[in-house]
Structure formats: structure tokens, C-alpha cells
$ cat query.pdb   # PDB, C-alpha atoms and all ligand atoms
MODEL        1
ATOM      1  CA  MET Z  69      -5.492  18.546   0.788
ATOM      2  CA  GLY Z  70      -4.682  22.240   0.886
ATOM      3  CA  LYS Z  71      -1.109  23.048   1.565
ATOM      4  CA  PRO Z  72      -0.326  26.777   1.735
ATOM      5  CA  ARG Z  73       1.035  28.307  -1.450
ATOM      6  CA  SER Z  74       2.603  31.691  -2.090
ATOM      7  CA  THR Z  75       0.838  34.078  -4.466
ATOM      8  CA  LEU Z  76       3.452  33.301  -7.097
ATOM      9  CA  GLY Z  77       2.992  29.607  -6.398
ATOM     10  CA  ILE Z  78      -0.781  29.877  -6.906
ATOM     11  CA  TRP Z  79      -0.247  31.879 -10.099
ATOM     12  CA  LEU Z  80       2.207  29.307 -11.443
ATOM     13  CA  HIS Z  81      -0.070  26.434 -10.444
ATOM     14  CA  ASP Z  82      -3.048  28.023 -12.196
ATOM     15  CA  ALA Z  83      -0.991  28.978 -15.261
ATOM     16  CA  TRP Z  84       0.350  25.417 -15.476
ATOM     17  CA  GLY Z  85      -3.204  24.183 -14.968
ATOM     18  CA  LEU Z  86      -4.310  26.189 -18.022
ATOM     19  CA  LEU Z  87      -1.637  24.530 -20.096
ATOM     20  CA  VAL Z  88      -1.974  21.030 -18.650
ATOM     21  CA  PRO Z  89      -5.136  20.870 -16.549
ATOM     22  CA  GLN Z  90      -4.526  18.717 -13.464
ATOM     23  CA  ARG Z  91      -7.380  16.313 -12.998
ATOM     24  CA  CYS Z  92      -8.806  14.708  -9.882
ATOM     25  CA  ALA Z  93      -7.611  11.103  -9.513
ATOM     26  CA  GLY Z  94     -11.055  10.154  -8.207
ATOM     27  CA  CYS Z  95     -13.543  11.831 -10.574
ATOM     28  CA  ASP Z  96     -11.382  13.356 -13.329
ATOM     29  CA  THR Z  97     -12.750  16.904 -12.954
ATOM     30  CA  ALA Z  98     -10.222  19.749 -13.277
ATOM     31  CA  LEU Z  99      -8.619  20.564  -9.932
ATOM     32  CA  LEU Z 100      -8.761  24.005  -8.322
ATOM     33  CA  SER Z 101      -5.545  25.721  -7.274
ATOM     34  CA  HIS Z 102      -5.823  24.658  -3.608
ATOM     35  CA  GLU Z 103      -6.491  21.015  -4.498
ATOM     36  CA  ASP Z 104      -3.785  18.383  -4.915
ATOM     37  CA  CYS Z 105      -4.504  15.178  -6.693
ATOM     38  CA  LEU Z 106      -8.019  14.729  -5.323
ATOM     39  CA  CYS Z 107     -10.793  17.336  -5.417
ATOM     40  CA  ASP Z 108     -12.318  18.366  -2.088
ATOM     41  CA  THR Z 109     -15.451  16.325  -2.777
ATOM     42  CA  CYS Z 110     -13.563  13.086  -3.503
ATOM     43  CA  LEU Z 111     -11.265  13.630  -0.520
ATOM     44  CA  ARG Z 112     -14.320  14.044   1.714
ATOM     45  CA  GLU Z 113     -16.140  11.087   0.202
ATOM     46  CA  LEU Z 114     -13.298   8.549   0.181
ATOM     47  CA  PRO Z 115     -14.989   5.275   1.218
ATOM     48  CA  ARG Z 116     -13.055   4.579   4.414
ATOM     49  CA  THR Z 117     -13.417   1.193   6.064
ATOM     50  CA  HIS Z 118     -13.719   2.585   9.630
ATOM     51  CA  PHE Z 119     -12.851  -0.868  10.977
ATOM     52  CA  ASN Z 120      -9.143  -0.657  11.742
ATOM     53  CA  ASN Z 121      -9.581  -0.488  15.504
ATOM     54  CA  ASP Z 122     -11.514  -3.748  15.423
ATOM     55  CA  PRO Z 123      -9.382  -6.896  15.912
ATOM     56  CA  LEU Z 124     -12.134  -8.902  14.174
ATOM     57  CA  ASN Z 125     -12.149  -6.736  11.051
ATOM     58  CA  PRO Z 126     -12.520  -8.598   7.734
ATOM     59  CA  VAL Z 127      -8.893  -8.061   6.645
ATOM     60  CA  GLU Z 128      -7.505  -9.442   9.875
ATOM     61  CA  ARG Z 129      -9.920 -12.377   9.753
ATOM     62  CA  LEU Z 130      -8.441 -13.432   6.382
ATOM     63  CA  PHE Z 131      -5.281 -14.437   8.219
ATOM     64  CA  HIS Z 132      -6.688 -16.120  11.307
ATOM     65  CA  GLY Z 133      -5.252 -19.601  11.633
ATOM     66  CA  LYS Z 134      -2.882 -19.028   8.688
ATOM     67  CA  VAL Z 135      -0.156 -16.659   9.789
ATOM     68  CA  GLU Z 136       0.262 -14.685  12.971
ATOM     69  CA  LEU Z 137      -0.160 -10.981  12.300
ATOM     70  CA  ALA Z 138       0.044  -8.444  15.113
ATOM     71  CA  SER Z 139      -2.670  -6.331  13.421
ATOM     72  CA  ALA Z 140      -4.137  -5.945   9.951
ATOM     73  CA  GLY Z 141      -6.414  -3.478   8.230
ATOM     74  CA  ALA Z 142      -7.139  -1.359   5.170
ATOM     75  CA  LEU Z 143      -7.812   2.330   4.609
ATOM     76  CA  LEU Z 144     -10.485   2.179   1.894
ATOM     77  CA  LYS Z 145     -13.237  -0.018   0.530
ATOM     78  CA  PHE Z 146     -12.620  -1.130  -3.030
ATOM     79  CA  SER Z 147     -15.514  -1.494  -5.446
ATOM     80  CA  ALA Z 148     -15.349  -2.292  -9.153
ATOM     81  CA  HIS Z 149     -15.544   0.877 -11.259
ATOM     82  CA  GLY Z 150     -15.608   2.998  -8.090
ATOM     83  CA  MET Z 151     -13.476   5.938  -7.017
ATOM     84  CA  VAL Z 152     -10.893   3.797  -5.236
ATOM     85  CA  GLN Z 153     -10.367   1.657  -8.322
ATOM     86  CA  ARG Z 154      -9.773   4.806 -10.405
ATOM     87  CA  ILE Z 155      -7.248   6.174  -7.898
ATOM     88  CA  LEU Z 156      -5.336   2.888  -7.606
ATOM     89  CA  HIS Z 157      -5.397   2.476 -11.372
ATOM     90  CA  ARG Z 158      -3.844   5.905 -11.768
ATOM     91  CA  ILE Z 159      -1.117   5.044  -9.271
ATOM     92  CA  LYS Z 160      -0.397   1.652 -10.798
ATOM     93  CA  TYR Z 161      -0.623   2.301 -14.525
ATOM     94  CA  LYS Z 162       0.003   6.045 -14.855
ATOM     95  CA  HIS Z 163       2.680   6.226 -12.188
ATOM     96  CA  ASP Z 164       0.845   9.046 -10.407
ATOM     97  CA  ARG Z 165       3.369   9.615  -7.663
ATOM     98  CA  GLU Z 166       1.402  12.445  -6.094
ATOM     99  CA  ALA Z 167      -1.693  10.253  -5.725
ATOM    100  CA  ALA Z 168       0.416   7.498  -4.139
ATOM    101  CA  MET Z 169       1.955   9.971  -1.675
ATOM    102  CA  LEU Z 170      -1.484  11.303  -0.741
ATOM    103  CA  ILE Z 171      -3.022   7.848  -0.176
ATOM    104  CA  GLY Z 172       0.147   6.738   1.648
ATOM    105  CA  GLN Z 173      -0.035   9.728   3.972
ATOM    106  CA  LEU Z 174      -3.718   9.044   4.675
ATOM    107  CA  MET Z 175      -2.730   5.440   5.475
ATOM    108  CA  GLY Z 176      -0.042   6.742   7.859
ATOM    109  CA  GLU Z 177      -2.507   9.055   9.607
ATOM    110  CA  GLU Z 178      -4.983   6.213  10.018
ATOM    111  CA  LEU Z 179      -2.266   3.949  11.487
ATOM    112  CA  LYS Z 180      -1.221   6.713  13.856
ATOM    113  CA  ALA Z 181      -4.798   7.098  15.072
ATOM    114  CA  CYS Z 182      -5.239   3.341  15.713
ATOM    115  CA  ARG Z 183      -3.604   2.152  18.920
ATOM    116  CA  ARG Z 184      -3.575  -1.416  17.604
ATOM    117  CA  PHE Z 185      -0.756  -0.480  15.234
ATOM    118  CA  ASP Z 186       1.482   1.106  17.877
ATOM    119  CA  GLY Z 187       5.134   0.108  17.918
ATOM    120  CA  ILE Z 188       5.680  -0.413  14.192
ATOM    121  CA  ASP Z 189       9.276   0.554  13.414
ATOM    122  CA  ALA Z 190       9.950  -0.735   9.900
ATOM    123  CA  VAL Z 191       8.093  -0.863   6.598
ATOM    124  CA  ILE Z 192       8.293  -3.332   3.709
ATOM    125  CA  ALA Z 193       6.236  -3.180   0.513
ATOM    126  CA  VAL Z 194       5.045  -6.423  -1.072
ATOM    127  CA  PRO Z 195       7.657  -6.977  -3.802
ATOM    128  CA  LEU Z 196       6.546  -7.146  -7.414
ATOM    129  CA  HIS Z 197       7.846  -9.868  -9.619
ATOM    130  CA  PRO Z 198      11.191  -8.447 -10.874
ATOM    131  CA  ARG Z 199      10.042  -8.774 -14.485
ATOM    132  CA  LYS Z 200       6.866  -6.816 -13.722
ATOM    133  CA  GLU Z 201       8.818  -4.148 -11.880
ATOM    134  CA  ARG Z 202      11.186  -3.789 -14.831
ATOM    135  CA  GLN Z 203       8.234  -3.406 -17.196
ATOM    136  CA  ARG Z 204       6.443  -0.928 -14.960
ATOM    137  CA  GLY Z 205       9.554   0.849 -13.736
ATOM    138  CA  PHE Z 206       8.365   1.109 -10.139
ATOM    139  CA  ASN Z 207       6.455  -0.710  -7.390
ATOM    140  CA  GLN Z 208       3.215   1.061  -6.480
ATOM    141  CA  SER Z 209       3.188  -0.385  -2.942
ATOM    142  CA  ARG Z 210       6.620   1.046  -2.325
ATOM    143  CA  LEU Z 211       5.295   4.507  -3.256
ATOM    144  CA  LEU Z 212       2.473   4.037  -0.745
ATOM    145  CA  ALA Z 213       5.067   3.024   1.862
ATOM    146  CA  GLU Z 214       6.986   6.208   1.093
ATOM    147  CA  GLY Z 215       3.846   8.238   1.815
ATOM    148  CA  ILE Z 216       3.340   6.328   5.090
ATOM    149  CA  SER Z 217       6.918   7.065   6.170
ATOM    150  CA  LYS Z 218       6.221  10.794   5.887
ATOM    151  CA  VAL Z 219       3.764  10.393   8.769
ATOM    152  CA  LEU Z 220       5.132   7.458  10.813
ATOM    153  CA  PRO Z 221       8.752   6.987  11.934
ATOM    154  CA  VAL Z 222       9.303   3.718  10.084
ATOM    155  CA  GLU Z 223      12.530   2.563   8.525
ATOM    156  CA  PRO Z 224      12.191   1.401   4.901
ATOM    157  CA  MET Z 225      13.542  -2.173   4.746
ATOM    158  CA  HIS Z 226      12.167  -3.259   1.367
ATOM    159  CA  ARG Z 227      15.446  -4.725   0.189
ATOM    160  CA  TYR Z 228      15.339  -7.523   2.751
ATOM    161  CA  LEU Z 229      12.230  -9.196   1.301
ATOM    162  CA  GLN Z 230      12.443 -10.590  -2.199
ATOM    163  CA  ARG Z 231      10.658 -12.930  -4.524
ATOM    164  CA  ALA Z 232      12.254 -16.350  -4.509
ATOM    165  CA  GLU Z 233      13.381 -17.950  -7.740
ATOM    166  CA  CYS Z 234      10.647 -18.388 -10.313
ATOM    167  CA  THR Z 235       9.134 -21.874 -10.073
ATOM    168  CA  GLY Z 236       8.542 -22.242 -13.795
ATOM    169  CA  THR Z 237       5.330 -22.098 -15.753
ATOM    170  CA  GLN Z 238       2.292 -22.236 -13.522
ATOM    171  CA  THR Z 239      -0.440 -22.671 -16.088
ATOM    172  CA  ARG Z 240      -0.317 -26.461 -16.141
ATOM    173  CA  LYS Z 241      -0.201 -26.838 -12.381
ATOM    174  CA  GLY Z 242      -3.172 -27.438 -10.154
ATOM    175  CA  ARG Z 243      -4.634 -24.922  -7.767
ATOM    176  CA  LEU Z 244      -2.913 -26.394  -4.729
ATOM    177  CA  ASP Z 245       0.457 -26.357  -6.474
ATOM    178  CA  ARG Z 246      -0.041 -22.753  -7.482
ATOM    179  CA  TRP Z 247      -0.887 -21.869  -3.910
ATOM    180  CA  ARG Z 248       2.248 -23.688  -2.730
ATOM    181  CA  ASN Z 249       4.225 -21.652  -5.206
ATOM    182  CA  VAL Z 250       2.812 -18.407  -3.832
ATOM    183  CA  LYS Z 251       3.441 -19.573  -0.299
ATOM    184  CA  GLN Z 252       7.095 -20.200  -1.005
ATOM    185  CA  ALA Z 253       7.590 -17.293  -3.336
ATOM    186  CA  PHE Z 254       9.253 -14.931  -0.849
ATOM    187  CA  GLU Z 255      12.410 -15.019   1.233
ATOM    188  CA  LEU Z 256      14.482 -12.753   3.435
ATOM    189  CA  THR Z 257      17.910 -11.838   2.145
ATOM    190  CA  ASP Z 258      19.197 -11.324   5.694
ATOM    191  CA  PRO Z 259      16.870 -12.534   8.493
ATOM    192  CA  LEU Z 260      19.091 -11.055  11.213
ATOM    193  CA  ALA Z 261      18.602  -7.554   9.805
ATOM    194  CA  LEU Z 262      14.934  -7.780  10.857
ATOM    195  CA  ARG Z 263      15.576  -9.273  14.288
ATOM    196  CA  ASP Z 264      13.048  -7.984  16.884
ATOM    197  CA  ARG Z 265      11.550  -5.485  14.446
ATOM    198  CA  HIS Z 266       7.822  -4.803  14.135
ATOM    199  CA  VAL Z 267       7.420  -4.666  10.372
ATOM    200  CA  LEU Z 268       4.517  -3.004   8.602
ATOM    201  CA  LEU Z 269       3.808  -4.909   5.394
ATOM    202  CA  VAL Z 270       2.201  -2.653   2.763
ATOM    203  CA  ASP Z 271       0.212  -3.532  -0.339
ATOM    204  CA  ASP Z 272      -2.224  -1.642  -2.542
ATOM    205  CA  VAL Z 273      -5.143  -4.093  -2.389
ATOM    206  CA  VAL Z 274      -5.802  -7.195  -0.312
ATOM    207  CA  THR Z 275      -8.217  -9.748  -1.781
ATOM    208  CA  THR Z 276      -7.565 -13.378  -0.815
ATOM    209  CA  GLY Z 277      -4.559 -12.439   1.296
ATOM    210  CA  ALA Z 278      -2.400 -15.253  -0.158
ATOM    211  CA  THR Z 279       0.437 -12.957  -1.224
ATOM    212  CA  ALA Z 280       0.489 -11.017   2.037
ATOM    213  CA  GLU Z 281       0.385 -14.306   3.955
ATOM    214  CA  ALA Z 282       3.446 -15.570   2.087
ATOM    215  CA  CYS Z 283       5.309 -12.298   2.688
ATOM    216  CA  ALA Z 284       4.426 -12.275   6.381
ATOM    217  CA  ALA Z 285       5.560 -15.907   6.771
ATOM    218  CA  ALA Z 286       8.922 -14.994   5.222
ATOM    219  CA  ILE Z 287       9.361 -11.929   7.483
ATOM    220  CA  LEU Z 288       8.515 -14.042  10.536
ATOM    221  CA  THR Z 289      11.572 -16.215   9.864
ATOM    222  CA  ALA Z 290      13.556 -13.314  11.380
ATOM    223  CA  PRO Z 291      14.092 -13.984  15.100
ATOM    224  CA  GLY Z 292      11.692 -12.024  17.323
ATOM    225  CA  ALA Z 293      10.076 -10.211  14.381
ATOM    226  CA  ARG Z 294       6.412  -9.168  14.335
ATOM    227  CA  VAL Z 295       4.341  -8.277  11.281
ATOM    228  CA  SER Z 296       1.320  -6.057  10.776
ATOM    229  CA  LEU Z 297      -0.384  -5.549   7.438
ATOM    230  CA  PHE Z 298      -1.970  -2.388   6.097
ATOM    231  CA  THR Z 299      -3.300  -1.931   2.582
ATOM    232  CA  ALA Z 300      -4.706   1.047   0.698
ATOM    233  CA  ALA Z 301      -7.898  -0.896  -0.042
ATOM    234  CA  THR Z 302      -9.731  -4.147   0.524
ATOM    235  CA  ALA Z 303     -12.004  -5.809  -1.990
TER
HETATM  236 ZN    ZN R   1     -12.833  14.333  -7.519
ENDMDL
END
$ encode --input "query.pdb" --output "C-alpha cells" --more "lines below"
Ligand SMILES: [Zn+2]
Amino acid sequence: MGKPRSTLGIWLHDAWGLLVPQRCAGCDTALLSHEDCLCDTCLRELPRTHFNNDPLNPVERLFHGKVELASAGALLKFSAHGMVQRILHRIKYKHDREAAMLIGQLMGEELKACRRFDGIDAVIAVPLHPRKERQRGFNQSRLLAEGISKVLPVEPMHRYLQRAECTGTQTRKGRLDRWRNVKQAFELTDPLALRDRHVLLVDDVVTTGATAEACAAAILTAPGARVSLFTAATA
């Protein structure tokens, strides 16, 4: 992603690179001065889903009959030990803010190009468990949302969706109980604040969709609200 740099800027970047070589988040090779975060090859070869214009795409189908989403999709295809896993790992565990901004901006550009996501005016990241967020110090989905908001005019409204009170130890409970716990694990702090908004719910990866479903159900308790979901990757 080449952004123009001054001669001094290039010199400083390269000098810094000699001291602390910046490495590609996808393949770990040393980056060249015009590259940010991902090398040109990885940027070109990002495994995009190419299905976000399709209302029957696999992410959207996860939610059919469960919760009413306006649209849903994902930017990239996730595969174990693949490039996307390495990038998301770097965002999540190494707090690579630059990588999150880059992926978030790519998500924003994809949303902008897909007519199905028109009209979104607010963004909410799936909240981490407060204990996890304290340990980690940040929420990776919120960083992605920040990248998206550089491209799309969406108002960050993260503070209105929160995890509900912890329901106690889950290890002894059955699968159905655990699912019920997930389903009820989110609530709006002020439903009227989201009245008539079209909220984009953002997460890093969607797998079963249970967490996103619970978040969407909570957001839909706001009168007249709509929800779309977009994730960095889908498994
Ligand atoms: Zn690379």
C-alpha cells in the first residue's frame, strides 16, 4: 500500500528499517521502503472471498432463520496456518495497529464497492469480555472498525453494546445452556441511542456466527434499527 513519502521520510524509514527491520504481516519477509505492513506480493495475493455482493453468500446463510441481518459478508478466506491467520494473529496478539488499520481500510473499501451494504451509518465492534480486554489492553475488532471508519462515514457507537453480567462458570453446563448464555450475553446500554440506525457489526473472524447473532439480536432491540455484519475473515 504505497503512500507517498518525502525523500527524508524514505531515508528515515530505511534507516529505521536497518535498526528494526519491519516485517510483512503475511509472510514475515523484510518490507521495502514503499511497503506498509504487507509486502506487495501478500497484498496482491490476499485470499478475498469475492462473494459479498451475493445475498446467498456463506456468511449470510449462517444467520438465515436466526436473526434478521440486512447484509453480511467477509473480506478474506481464513485457512489454518495461512496468510490470513498470520495477519490476524499479529493484530490480536502483537497489537499490530498498522496491520489492523490496513485490513480495516480494505474492509471499508470492499463495503463501499458493494451496493448491498449501502446506508450503513454506525459501527459497533463485537465487545470482548471485559476481563479479556483488560488482559489484552485493546479490542482487535475495534481497531478494524477504526480502519473502516477511515473509508466509510460511520459513527463509532461501540459503547452502547456491552457484555451482560457473567453467568458463572460454564464448564459444567450443557451445550444448550452454553448457547443460551452466549445468546443472552449482550445488551444495549441505551437502546434509544441506536434508534433508526443502520449499524455495521464488526468482528475479526466469523465461524459459527453465535456471537455475532447474539450481538445483532441485542442491537435489534433498538427501535427501527438495522444490522449488517462484516468480518475480516470467515473460516
Ligand atoms: Zn508478504
$ residues_around --input "query.pdb" --residues "region 223-225 of chain Z" --least-positions-apart "5" --cutoff "9 Å" --atoms "all atoms listed in the file" --output "PyMOL selection string"
chain Z and resi 189-193+213-214+217+261-262+267
$ residues_near_ligand --input "query.pdb" --ligand "ligand ZN 1 (chain R)" --cutoff "8 Å" --atoms "only C-alpha atoms and all ligand atoms" --output "MDAnalysis selection string"
chainID Z and resid 91:97 99 106:111
$ residues_around --input "query.pdb" --residues "Cys182 (chain Z)" --least-positions-apart "5" --cutoff "9 Å" --atoms "all atoms listed in the file" --output "list in words"
Asn120, Asn121 and Glu177 of chain Z
$ closest_residue --input "query.pdb" --among "Z:Leu130, Z:Val274, Z:Leu174, Z:Ala168" --to "Arg116 (chain Z)" --atoms "all atoms listed in the file"
Z:Leu174
$ resolve_selection --input "query.pdb" --expression "the PyMOL selection byres (((chain Z and resi 179) around 12) and not hetatm)" --output "MDAnalysis selection string"
chainID Z and resid 118:121 139:143 172:178 180:188 216:217 219:222 268 270 296:300
